[in-house]
Amino acid sequence: MDALAGLLEGPRARGAFMIRACFEPPWSIRIEDRAPLTVMVMVRGEAWVIPDQGERSEMGVPPAEGWGRIRLRPGDLAIARGPDPYTCADDPATAPQALILPGAECRYPDGRSLNGSMDLGVRTWGDRLDGSAVMLIGTYLWQGEISGRLLNALPPLLLLTADVWNCPLTPYLMEEIVRDEPGQEVVLDRLLDLLVIAALRAWFSRPEAEAPAWYRALADPVVGRVLRLVQDDPAHPWTVASLAAKAGVSRAALGRRFTELVGEPPMTYLTGWRLALAADALRDTDDTLDAIARRVGYGSAFALSSAFKRVYGVSPQEHRARVAVG
């Protein structure tokens, strides 16, 4: 498994919220949906993405840390990491005209329901179908445990401008998003996943990207080999000694170098990886706890349950039940 594949393993869209947004200035939409990840592609016109920062916003929401407003031009892509709110507008000075809340609920700023009143057709939303600003928006509505690794690897808001990336998926997505055919949601989910992969590939190749420590460590000849062994075969009964032997170094040297580059000892990382895989399996499958335990490297359902509760604070059964209800 390569570095990017390891990073993206898990976050697969299922019934993602995808729309084509069409507006004519002045326009401003405030996003408070707490979604873990949202992708925005500017197709026509320009837009600003404005996080809460500095002084308190006009809507009384406290500022977020580490954000900076960005301007989107045709071909640009932005990824916003939740759950912090932000505003999309033609101009930072334009007051919000609508709020997007959890569950894709839409309201006017005064609280009145707005659902349906801005629908312009199949997965198309805004104030004018021929508006000068057109944006494709895809939102992941859930957060799995492995996707947490992805989210932690990203800044709150990242921008890829058209001069540093050119994604052939955009025209295809423009065609597919307005179709109303059987299985269309699945097609759009997969396109959203591919769009995210393409964007992150481009992002992590940029010098300003701050990849997580374990991602950077994959380039190390010793630690990178150990990380790939663990990611490719988590069910193997790995020990520090067996991993060190595979890497051609002593146990002490592996422990020291791994901790230095990744930020935690190899067995701690292995435990986290196994439990993240288990959490995803509990969310995505109906497999028994015993089957999941064997697949991720635990000898029994009891052993997995004990480790899971120690790290996550709930039992695997409680985690599965929570995910099932939303």
# chains A, B, ... in the order shown; residues from 1 in each chain; ligands from 1
>>> select_by_dssp(residues="region 64-262 of chain A", states="helix (DSSP H, G or I)", output="PyMOL selection string")
chain A and resi 102-104+145-152+169-176+184-204+213-217+223-232+240-247+251-262
>>> residues_around(residues="region 94-109 of chain A", least_positions_apart="2", cutoff="12 Å", atoms="only C-alpha atoms", output="short mmCIF file (atom, residue, chain, number, x, y, z; two decimals) with N, CA, C and O atoms, in the first residue's frame")
data_model
loop_
_atom_site.label_atom_id
_atom_site.label_comp_id
_atom_site.auth_asym_id
_atom_site.auth_seq_id
_atom_site.Cartn_x
_atom_site.Cartn_y
_atom_site.Cartn_z
N GLY A 15 -23.78 8.13 -0.25
CA GLY A 15 -24.89 9.07 -0.26
C GLY A 15 -24.42 10.48 0.06
O GLY A 15 -25.09 11.22 0.77
N ALA A 16 -23.26 10.85 -0.47
CA ALA A 16 -22.72 12.18 -0.20
C ALA A 16 -23.65 13.26 -0.75
O ALA A 16 -24.40 13.03 -1.69
N PHE A 17 -23.58 14.43 -0.15
CA PHE A 17 -24.38 15.57 -0.58
C PHE A 17 -23.62 16.27 -1.69
O PHE A 17 -22.54 16.81 -1.47
N MET A 18 -24.17 16.25 -2.91
CA MET A 18 -23.50 16.87 -4.04
C MET A 18 -24.47 17.77 -4.79
O MET A 18 -25.60 17.36 -5.09
N ILE A 19 -24.04 18.99 -5.07
CA ILE A 19 -24.88 19.94 -5.79
C ILE A 19 -24.05 20.77 -6.76
O ILE A 19 -22.83 20.87 -6.62
N PHE A 23 -25.22 31.10 -8.84
CA PHE A 23 -25.59 32.37 -8.21
C PHE A 23 -25.26 33.56 -9.09
O PHE A 23 -24.37 33.50 -9.95
N PRO A 25 -24.33 37.65 -8.35
CA PRO A 25 -24.02 38.60 -7.27
C PRO A 25 -25.14 39.63 -7.08
O PRO A 25 -25.80 39.99 -8.07
N PRO A 26 -25.32 40.09 -5.84
CA PRO A 26 -24.58 39.68 -4.64
C PRO A 26 -25.19 38.40 -4.04
O PRO A 26 -26.40 38.24 -4.02
N TRP A 27 -24.33 37.51 -3.55
CA TRP A 27 -24.81 36.29 -2.92
C TRP A 27 -23.85 35.89 -1.80
O TRP A 27 -22.67 36.20 -1.84
N SER A 28 -24.37 35.21 -0.81
CA SER A 28 -23.57 34.78 0.33
C SER A 28 -24.30 33.67 1.07
O SER A 28 -25.46 33.82 1.42
N ILE A 29 -23.62 32.55 1.25
CA ILE A 29 -24.19 31.38 1.93
C ILE A 29 -23.30 31.00 3.10
O ILE A 29 -22.09 30.82 2.92
N ARG A 30 -23.88 30.90 4.28
CA ARG A 30 -23.10 30.52 5.46
C ARG A 30 -23.27 29.02 5.70
O ARG A 30 -24.38 28.49 5.72
N ILE A 31 -22.14 28.31 5.89
CA ILE A 31 -22.14 26.87 6.05
C ILE A 31 -21.90 26.52 7.52
O ILE A 31 -20.84 26.81 8.07
N GLU A 32 -22.90 25.91 8.13
CA GLU A 32 -22.80 25.48 9.53
C GLU A 32 -23.21 24.02 9.66
O GLU A 32 -23.80 23.61 10.67
N ASP A 33 -22.92 23.21 8.64
CA ASP A 33 -23.41 21.82 8.63
C ASP A 33 -22.54 20.85 9.42
O ASP A 33 -22.89 19.70 9.59
N ARG A 34 -21.37 21.32 9.91
CA ARG A 34 -20.45 20.51 10.70
C ARG A 34 -19.96 19.27 9.95
O ARG A 34 -19.53 18.29 10.55
N ALA A 35 -20.05 19.29 8.62
CA ALA A 35 -19.57 18.16 7.83
C ALA A 35 -18.07 18.00 7.98
O ALA A 35 -17.34 18.99 8.05
N PRO A 36 -17.56 16.78 8.02
CA PRO A 36 -16.12 16.59 8.21
C PRO A 36 -15.27 17.05 7.04
O PRO A 36 -14.14 17.47 7.21
N ALA A 47 -15.54 33.28 -6.41
CA ALA A 47 -16.17 33.21 -5.10
C ALA A 47 -15.10 33.34 -4.03
O ALA A 47 -13.92 33.05 -4.26
N TRP A 48 -15.51 33.77 -2.86
CA TRP A 48 -14.65 33.81 -1.68
C TRP A 48 -15.12 32.73 -0.70
O TRP A 48 -16.33 32.51 -0.54
N VAL A 49 -14.16 32.08 -0.05
CA VAL A 49 -14.47 31.20 1.08
C VAL A 49 -13.89 31.89 2.31
O VAL A 49 -12.68 32.10 2.40
N ILE A 50 -14.78 32.26 3.24
CA ILE A 50 -14.39 33.12 4.36
C ILE A 50 -14.64 32.39 5.67
O ILE A 50 -15.79 32.20 6.08
N SER A 57 -17.88 37.26 14.03
CA SER A 57 -18.62 37.52 12.80
C SER A 57 -19.91 38.26 13.11
O SER A 57 -20.35 38.35 14.25
N GLU A 58 -20.57 38.78 12.07
CA GLU A 58 -21.84 39.48 12.24
C GLU A 58 -22.90 38.57 12.82
O GLU A 58 -23.86 39.03 13.43
N MET A 59 -22.73 37.24 12.62
CA MET A 59 -23.74 36.31 13.11
C MET A 59 -23.39 35.82 14.52
O MET A 59 -24.01 34.90 15.03
N GLY A 60 -22.37 36.41 15.14
CA GLY A 60 -22.08 36.13 16.54
C GLY A 60 -21.32 34.85 16.80
O GLY A 60 -21.29 34.36 17.92
N GLY A 82 -14.11 20.15 8.34
CA GLY A 82 -15.02 20.54 9.40
C GLY A 82 -14.41 20.33 10.77
O GLY A 82 -13.28 19.85 10.91
N PRO A 83 -15.20 20.69 11.79
CA PRO A 83 -16.60 21.14 11.73
C PRO A 83 -16.78 22.66 11.79
O PRO A 83 -17.89 23.13 11.92
N ASP A 84 -15.70 23.42 11.70
CA ASP A 84 -15.82 24.88 11.85
C ASP A 84 -16.67 25.49 10.73
O ASP A 84 -16.56 25.10 9.57
N PRO A 85 -17.49 26.49 11.05
CA PRO A 85 -18.32 27.14 10.03
C PRO A 85 -17.53 28.09 9.16
O PRO A 85 -16.45 28.55 9.53
N TYR A 86 -18.08 28.39 7.99
CA TYR A 86 -17.46 29.33 7.08
C TYR A 86 -18.55 29.88 6.15
O TYR A 86 -19.70 29.41 6.17
N THR A 87 -18.18 30.85 5.34
CA THR A 87 -19.12 31.49 4.43
C THR A 87 -18.56 31.46 3.02
O THR A 87 -17.37 31.70 2.82
N CYS A 88 -19.42 31.16 2.05
CA CYS A 88 -19.07 31.27 0.63
C CYS A 88 -19.85 32.46 0.07
O CYS A 88 -21.07 32.54 0.28
N ALA A 89 -19.17 33.35 -0.64
CA ALA A 89 -19.84 34.57 -1.09
C ALA A 89 -19.15 35.14 -2.32
O ALA A 89 -18.00 34.79 -2.63
N ASP A 90 -19.87 36.05 -2.98
CA ASP A 90 -19.26 36.76 -4.11
C ASP A 90 -18.24 37.78 -3.62
O ASP A 90 -17.30 38.12 -4.33
N ASP A 91 -18.42 38.25 -2.37
CA ASP A 91 -17.55 39.25 -1.80
C ASP A 91 -17.57 39.08 -0.28
O ASP A 91 -18.64 38.81 0.29
N PRO A 92 -16.44 39.21 0.40
CA PRO A 92 -16.43 39.05 1.86
C PRO A 92 -17.38 40.01 2.57
O PRO A 92 -17.81 39.72 3.70
N GLY A 111 -33.93 32.33 10.63
CA GLY A 111 -34.42 31.05 11.12
C GLY A 111 -35.54 30.43 10.32
O GLY A 111 -35.88 29.26 10.52
N ARG A 112 -36.15 31.18 9.42
CA ARG A 112 -37.23 30.62 8.62
C ARG A 112 -36.69 29.54 7.67
O ARG A 112 -35.58 29.65 7.18
N SER A 113 -37.52 28.52 7.41
CA SER A 113 -37.10 27.44 6.53
C SER A 113 -36.94 27.93 5.10
O SER A 113 -37.73 28.73 4.60
N LEU A 114 -35.88 27.43 4.46
CA LEU A 114 -35.61 27.81 3.08
C LEU A 114 -35.63 26.59 2.16
O LEU A 114 -35.44 26.70 0.97
N ASN A 115 -35.86 25.41 2.74
CA ASN A 115 -35.82 24.17 1.98
C ASN A 115 -36.74 24.23 0.78
O ASN A 115 -37.93 24.53 0.90
N GLY A 116 -36.20 23.94 -0.39
CA GLY A 116 -36.99 23.88 -1.61
C GLY A 116 -37.07 25.18 -2.39
O GLY A 116 -37.26 25.16 -3.61
N SER A 117 -36.96 26.31 -1.72
CA SER A 117 -37.20 27.58 -2.40
C SER A 117 -36.06 27.99 -3.32
O SER A 117 -36.23 28.87 -4.16
N MET A 118 -34.89 27.35 -3.19
CA MET A 118 -33.77 27.69 -4.06
C MET A 118 -33.39 26.54 -4.99
O MET A 118 -32.33 26.55 -5.61
N ASP A 119 -34.26 25.53 -5.06
CA ASP A 119 -34.00 24.41 -5.96
C ASP A 119 -34.16 24.86 -7.41
O ASP A 119 -35.16 25.49 -7.77
N TRP A 125 -28.82 24.17 -7.26
CA TRP A 125 -29.33 25.00 -6.18
C TRP A 125 -28.77 26.40 -6.32
O TRP A 125 -27.65 26.59 -6.78
N GLY A 126 -29.56 27.40 -5.98
CA GLY A 126 -29.08 28.77 -6.03
C GLY A 126 -30.18 29.75 -6.34
O GLY A 126 -31.37 29.48 -6.07
N ASP A 127 -29.81 30.90 -6.92
CA ASP A 127 -30.83 31.91 -7.22
C ASP A 127 -31.07 32.11 -8.71
O ASP A 127 -32.10 32.65 -9.11
N GLY A 138 -19.20 19.03 -3.13
CA GLY A 138 -19.39 17.67 -2.65
C GLY A 138 -19.04 17.60 -1.18
O GLY A 138 -17.97 18.05 -0.76
N THR A 139 -19.94 17.02 -0.38
CA THR A 139 -19.76 17.00 1.07
C THR A 139 -19.86 15.59 1.62
O THR A 139 -20.84 14.88 1.38
N TYR A 140 -18.83 15.18 2.36
CA TYR A 140 -18.89 13.92 3.11
C TYR A 140 -19.69 14.19 4.38
O TYR A 140 -19.35 15.10 5.15
N LEU A 141 -20.69 13.39 4.61
CA LEU A 141 -21.60 13.66 5.72
C LEU A 141 -21.23 12.92 7.00
O LEU A 141 -21.82 13.17 8.04
N TRP A 142 -20.28 11.99 6.93
CA TRP A 142 -19.93 11.20 8.11
C TRP A 142 -18.42 11.21 8.29
O TRP A 142 -17.67 11.57 7.40
N GLY A 326 -26.46 7.47 13.21
CA GLY A 326 -26.06 8.74 12.63
C GLY A 326 -24.78 9.30 13.14
O GLY A 326 -24.40 10.39 12.76
#
>>> residues_around(residues="Leu192 (chain A)", least_positions_apart="4", cutoff="12 Å", atoms="only C-alpha atoms", output="PyMOL selection string")
chain A and resi 11-19+37-41+79+136-140+169-170+172-174+176-177+185-188+196-199
>>> atom_distance(atom1="CA of Gly297 (chain A)", atom2="CA of Gln231 (chain A)")
11.5 Å
>>> select_by_dssp(residues="region 46-219 of chain A", states="strand (DSSP E)", output="MDAnalysis selection string")
chainID A and resid 47:51 70:72 77:81 86:89 98:101 105:107 119:121 124:126 133:140 157:160
>>> closest_residue(among="A:Thr288, A:Trp165, A:Arg320, A:Glu46", to="Ala202 (chain A)", atoms="only C-alpha atoms")
A:Trp165
>>> closest_residue(among="A:Cys22, A:Val223, A:Ala235, A:Leu151", to="Asp130 (chain A)", atoms="only C-alpha atoms")
A:Cys22
>>> closest_residue(among="A:Gly255, A:Pro316, A:Pro168, A:Gly263", to="Asp287 (chain A)", atoms="only C-alpha atoms")
A:Pro316
>>> closest_residue(among="A:Leu282, A:Val122, A:Val240, A:Ala291", to="Asp180 (chain A)", atoms="only C-alpha atoms")
A:Val122
>>> closest_residue(among="A:Gly248, A:Pro51, A:Gly75, A:Pro237", to="Val164 (chain A)", atoms="only C-alpha atoms")
A:Gly75
>>> closest_residue(among="A:Pro234, A:Gly313, A:Pro156, A:Pro212", to="Leu277 (chain A)", atoms="only C-alpha atoms")
A:Pro234
>>> atom_distance(atom1="CA of Trp273 (chain A)", atom2="CA of Arg256 (chain A)")
19.5 Å
>>> residues_around(residues="Leu200 (chain A)", least_positions_apart="4", cutoff="12 Å", atoms="only C-alpha atoms", output="PyMOL selection string")
chain A and resi 3-5+7-8+39+77-79+150-151+153-155+158-160+165+167+193-196+204-206+209-211
>>> atom_distance(atom1="CA of Arg274 (chain A)", atom2="CA of Ala252 (chain A)")
23.0 Å
